[in-house]
Amino acid sequence: MAPEPRRPPRLSPGDTLAVVAPSSPVLERSRGTRGALRLEELGFQVRLAPHVGTDRGYLAGSDRDRAADLLWALEDPSVDAVICLRGGYGAMRTLLALVEMAGPSGLDRLATRPPKAFIGFSDITVLHAFLQKCGWVSFYGPVVTSMGRASDYTMASFRAALMEGRPYTVGPSPDDPYTEAMVEGVAEGPLAGGCLALLASLVGTPWQPDLSGRVVFFEDVDCEPYEVDRYLTQLLAAGALEGCAGIVVGEHASCQPRSGGNSLGLEQVFTDLLVPLGVPVLYNLPLGHGAHLATLPLGVPVRMDAAKACLEVLDAPVA
């Protein structure tokens, strides 16, 4: 049995949050400024990593610079937590550069040092998978660019997960409270998951998450049903979902059919591919790119009751 992941300290006003950009840059600087101001309103000191603000096409600077910023933020004792500027693309390249720069001994050092809260979603799924291998609890939650316009739901979940140090419940979207128990039942286990496209991309890498015995969530954005179908089919063909305890299907923002011709609907895809697994499946919680985003502690025990339409975080995710 794998050891229980180590929880980072609870965040408090006055703590220093380092902003890193391991994926894509921000084209409109005001988006990052708004998010930083929102974090300061919570009482945090916001500190930009040295290379935040640089860009190289669709990447936030060179791979080595992004990796150096990430390593600095994770290791510097004056930094209390790390939050990503945005997702996009590039985190896998950052991770490859990090491995090259730090070497096995450097990565082992991360696995033994005290954990700190690491927060982000979308492309940041890759870095969560890496930190899970290091034995850290990390947080699938808002990035800086999404904090500027974060809803009350998003902010309440962020505070509950990171600042209040208590169990909490992730409920339906206040705008669209519809959920569906695609397969009824109750599932318990450590939480795992992320953006579906990135979970599929991790298959066959050293950071492919072990989903056995876990409650798995996934979400995605701006893709058609056939693409969601492709990612799920890849996970199924690789055996990645075998033995999972239950599945939470998050909101799939802007994932309607756009091309001409026939298409399956998303719910048809989920019915075809997930229902035969025979585990509880809950559909349509706000776990991703929509107007509301719950903060989810990866590696912490949760309970999903598909009929009750909620995900309960059973333990305090921070120490």
# chains A, B, ... in the order shown; residues from 1 in each chain; ligands from 1

call {"tool": "select_by_dssp", "arguments": {"residues": "range 58-255 of chain A", "states": "alpha helix (DSSP H)", "output": "JSON, numbers by chain"}}
result
{"A": [63, 64, 65, 66, 67, 68, 69, 70, 71, 72, 73, 74, 75, 91, 92, 93, 94, 95, 96, 97, 98, 99, 100, 101, 102, 103, 104, 105, 106, 107, 108, 109, 110, 111, 112, 125, 126, 127, 128, 129, 130, 131, 132, 133, 144, 145, 146, 147, 152, 153, 154, 155, 156, 157, 158, 159, 160, 161, 162, 196, 197, 198, 199, 200, 201, 225, 226, 227, 228, 229, 230, 231, 232, 233, 234, 235, 236, 237]}

call {"tool": "residues_around", "arguments": {"residues": "Val318 in chain A", "least_positions_apart": "3", "cutoff": "9 Å", "atoms": "only C-alpha atoms", "output": "MDAnalysis selection string"}}
result
chainID A and resid 6:11 117 137 161:166 297 315

call {"tool": "closest_residue", "arguments": {"among": "A:Val143, A:Val313, A:Leu232, A:Val183", "to": "His289 in chain A", "atoms": "only C-alpha atoms"}}
result
A:Val143

call {"tool": "closest_residue", "arguments": {"among": "A:Glu188, A:Ser254, A:Glu100, A:Gly53", "to": "Pro280 in chain A", "atoms": "only C-alpha atoms"}}
result
A:Glu188

call {"tool": "select_by_dssp", "arguments": {"residues": "range 46-197 of chain A", "states": "strand (DSSP E or B)", "output": "VMD selection string"}}
result
chain A and resid 46 to 48 56 59 81 to 84 117 to 120 136 138 to 140 168 to 170 180 to 183 186 to 195

call {"tool": "write_last_selection", "arguments": {"atoms": "C-alpha atoms", "output": "PDB file, in the first residue's frame"}}
result
ATOM      1  CA  VAL A  46       2.110  37.713  -4.077  1.00  0.00           C
ATOM      2  CA  ARG A  47       5.588  37.120  -5.484  1.00  0.00           C
ATOM      3  CA  LEU A  48       6.209  36.562  -9.189  1.00  0.00           C
ATOM      4  CA  ARG A  56       7.909  32.290 -26.601  1.00  0.00           C
ATOM      5  CA  LEU A  59       4.944  28.938 -24.214  1.00  0.00           C
ATOM      6  CA  ALA A  81       2.478  28.125  -1.544  1.00  0.00           C
ATOM      7  CA  VAL A  82       2.654  28.046  -5.335  1.00  0.00           C
ATOM      8  CA  ILE A  83      -0.118  29.049  -7.730  1.00  0.00           C
ATOM      9  CA  CYS A  84       0.084  28.822 -11.508  1.00  0.00           C
ATOM     10  CA  ALA A 117       0.295  23.954  -1.374  1.00  0.00           C
ATOM     11  CA  PHE A 118       0.485  23.833  -5.173  1.00  0.00           C
ATOM     12  CA  ILE A 119      -2.579  25.110  -7.042  1.00  0.00           C
ATOM     13  CA  GLY A 120      -3.682  25.060 -10.679  1.00  0.00           C
ATOM     14  CA  TRP A 136       2.397  15.599  -1.885  1.00  0.00           C
ATOM     15  CA  SER A 138      -1.793  19.195  -4.314  1.00  0.00           C
ATOM     16  CA  PHE A 139      -4.842  21.209  -5.323  1.00  0.00           C
ATOM     17  CA  TYR A 140      -6.741  21.169  -8.613  1.00  0.00           C
ATOM     18  CA  TYR A 168     -15.993  20.242   3.107  1.00  0.00           C
ATOM     19  CA  THR A 169     -18.497  19.363   0.397  1.00  0.00           C
ATOM     20  CA  VAL A 170     -18.380  20.086  -3.323  1.00  0.00           C
ATOM     21  CA  GLU A 180     -27.242  12.918 -12.865  1.00  0.00           C
ATOM     22  CA  ALA A 181     -26.413   9.629 -11.191  1.00  0.00           C
ATOM     23  CA  MET A 182     -25.406   7.806 -14.373  1.00  0.00           C
ATOM     24  CA  VAL A 183     -24.645   4.796 -12.182  1.00  0.00           C
ATOM     25  CA  VAL A 186     -21.416   5.229  -3.103  1.00  0.00           C
ATOM     26  CA  ALA A 187     -17.649   5.302  -3.627  1.00  0.00           C
ATOM     27  CA  GLU A 188     -14.849   6.187  -1.226  1.00  0.00           C
ATOM     28  CA  GLY A 189     -11.129   6.527  -1.797  1.00  0.00           C
ATOM     29  CA  PRO A 190      -8.344   9.023  -2.372  1.00  0.00           C
ATOM     30  CA  LEU A 191      -9.176  11.629  -5.011  1.00  0.00           C
ATOM     31  CA  ALA A 192      -7.390  11.577  -8.372  1.00  0.00           C
ATOM     32  CA  GLY A 193      -7.957  13.123 -11.775  1.00  0.00           C
ATOM     33  CA  GLY A 194      -7.720  16.325 -13.757  1.00  0.00           C
ATOM     34  CA  CYS A 195      -8.212  17.541 -17.301  1.00  0.00           C
TER      35      CYS A 195
END

call {"tool": "closest_atom_pairs", "arguments": {"of": "range 122-198 of chain A", "to": "range 30-38 of chain A", "cutoff": "10 Å", "atoms": "only C-alpha atoms", "output": "tab-separated table"}}
result
residue	atom	partner	partner_atom	distance
A:Pro142	CA	A:Gly35	CA	9.8
A:Val143	CA	A:Gly35	CA	8.2
A:Val144	CA	A:Gly35	CA	4.8
A:Thr145	CA	A:Gly32	CA	5.0
A:Ser146	CA	A:Gly35	CA	6.6
A:Met147	CA	A:Gly35	CA	4.6
A:Gly148	CA	A:Gly35	CA	3.9
A:Arg149	CA	A:Gly35	CA	7.6
A:Ala150	CA	A:Gly35	CA	8.7
A:Met155	CA	A:Arg38	CA	9.9

call {"tool": "write_last_selection", "arguments": {"atoms": "N, CA, C and O atoms", "output": "short mmCIF file (atom, residue, chain, number, x, y, z; two decimals), in the first residue's frame"}}
result
data_model
loop_
_atom_site.label_atom_id
_atom_site.label_comp_id
_atom_site.auth_asym_id
_atom_site.auth_seq_id
_atom_site.Cartn_x
_atom_site.Cartn_y
_atom_site.Cartn_z
N PRO A 142 -8.17 27.05 -8.92
CA PRO A 142 -8.04 28.21 -9.79
C PRO A 142 -6.58 28.56 -10.10
O PRO A 142 -5.68 28.32 -9.29
N VAL A 143 -6.37 29.14 -11.26
CA VAL A 143 -5.10 29.76 -11.61
C VAL A 143 -5.25 31.27 -11.42
O VAL A 143 -6.36 31.78 -11.18
N VAL A 144 -4.15 32.00 -11.52
CA VAL A 144 -4.21 33.44 -11.25
C VAL A 144 -5.16 34.14 -12.21
O VAL A 144 -5.95 35.01 -11.80
N THR A 145 -5.11 33.78 -13.49
CA THR A 145 -5.96 34.47 -14.46
C THR A 145 -7.45 34.22 -14.23
O THR A 145 -8.28 35.02 -14.67
N SER A 146 -7.79 33.13 -13.58
CA SER A 146 -9.21 32.87 -13.30
C SER A 146 -9.64 33.47 -11.96
O SER A 146 -10.84 33.60 -11.70
N MET A 147 -8.67 33.83 -11.10
CA MET A 147 -9.03 34.39 -9.79
C MET A 147 -9.63 35.78 -9.91
O MET A 147 -10.46 36.17 -9.08
N GLY A 148 -9.24 36.54 -10.93
CA GLY A 148 -9.73 37.91 -11.04
C GLY A 148 -11.23 38.01 -11.13
O GLY A 148 -11.83 38.97 -10.63
N ARG A 149 -11.85 37.04 -11.80
CA ARG A 149 -13.31 37.04 -11.95
C ARG A 149 -13.94 35.82 -11.28
O ARG A 149 -15.01 35.38 -11.69
N ALA A 150 -13.28 35.28 -10.30
CA ALA A 150 -13.78 34.07 -9.63
C ALA A 150 -15.11 34.34 -8.94
O ALA A 150 -15.30 35.38 -8.30
N MET A 155 -14.52 31.02 -4.80
CA MET A 155 -13.74 31.56 -3.68
C MET A 155 -14.05 30.81 -2.39
O MET A 155 -13.14 30.56 -1.58
#

call {"tool": "closest_residue", "arguments": {"among": "A:Gly213, A:Gly57, A:Gly290, A:Pro13", "to": "Ser173 in chain A", "atoms": "only C-alpha atoms"}}
result
A:Gly290

call {"tool": "closest_residue", "arguments": {"among": "A:Asn284, A:Gln45, A:Ser122, A:Ser201", "to": "Val19 in chain A", "atoms": "only C-alpha atoms"}}
result
A:Gln45

call {"tool": "closest_residue", "arguments": {"among": "A:Asp15, A:Glu28, A:Asp220, A:Glu312", "to": "Gly171 in chain A", "atoms": "only C-alpha atoms"}}
result
A:Glu312

call {"tool": "residues_around", "arguments": {"residues": "Pro174 in chain A", "least_positions_apart": "4", "cutoff": "10 Å", "atoms": "only C-alpha atoms", "output": "PyMOL selection string"}}
result
chain A and resi 152-153+178+286+291-292

call {"tool": "write_last_selection", "arguments": {"atoms": "N, CA, C and O atoms", "output": "PDB file, in the first residue's frame"}}
result
ATOM      1  N   ASP A 152     -18.358  33.600  -6.246  1.00  0.00           N
ATOM      2  CA  ASP A 152     -18.432  33.332  -4.806  1.00  0.00           C
ATOM      3  C   ASP A 152     -18.249  31.845  -4.531  1.00  0.00           C
ATOM      4  O   ASP A 152     -17.622  31.458  -3.536  1.00  0.00           O
ATOM      5  N   TYR A 153     -18.838  31.000  -5.392  1.00  0.00           N
ATOM      6  CA  TYR A 153     -18.686  29.545  -5.244  1.00  0.00           C
ATOM      7  C   TYR A 153     -17.209  29.166  -5.307  1.00  0.00           C
ATOM      8  O   TYR A 153     -16.707  28.408  -4.467  1.00  0.00           O
ATOM      9  N   TYR A 178     -28.303  21.006 -12.094  1.00  0.00           N
ATOM     10  CA  TYR A 178     -28.616  19.665 -12.599  1.00  0.00           C
ATOM     11  C   TYR A 178     -27.405  18.751 -12.468  1.00  0.00           C
ATOM     12  O   TYR A 178     -26.291  19.095 -12.869  1.00  0.00           O
ATOM     13  N   PRO A 286     -19.247  21.131 -10.967  1.00  0.00           N
ATOM     14  CA  PRO A 286     -18.419  22.225 -11.501  1.00  0.00           C
ATOM     15  C   PRO A 286     -16.958  22.079 -11.097  1.00  0.00           C
ATOM     16  O   PRO A 286     -16.486  22.688 -10.136  1.00  0.00           O
ATOM     17  N   ALA A 291     -17.965  28.573 -15.232  1.00  0.00           N
ATOM     18  CA  ALA A 291     -18.033  29.796 -14.427  1.00  0.00           C
ATOM     19  C   ALA A 291     -17.678  29.559 -12.972  1.00  0.00           C
ATOM     20  O   ALA A 291     -17.286  30.495 -12.262  1.00  0.00           O
ATOM     21  N   HIS A 292     -17.825  28.336 -12.500  1.00  0.00           N
ATOM     22  CA  HIS A 292     -17.538  27.995 -11.105  1.00  0.00           C
ATOM     23  C   HIS A 292     -16.553  26.827 -11.077  1.00  0.00           C
ATOM     24  O   HIS A 292     -16.684  25.875 -11.848  1.00  0.00           O
TER      25      HIS A 292
END
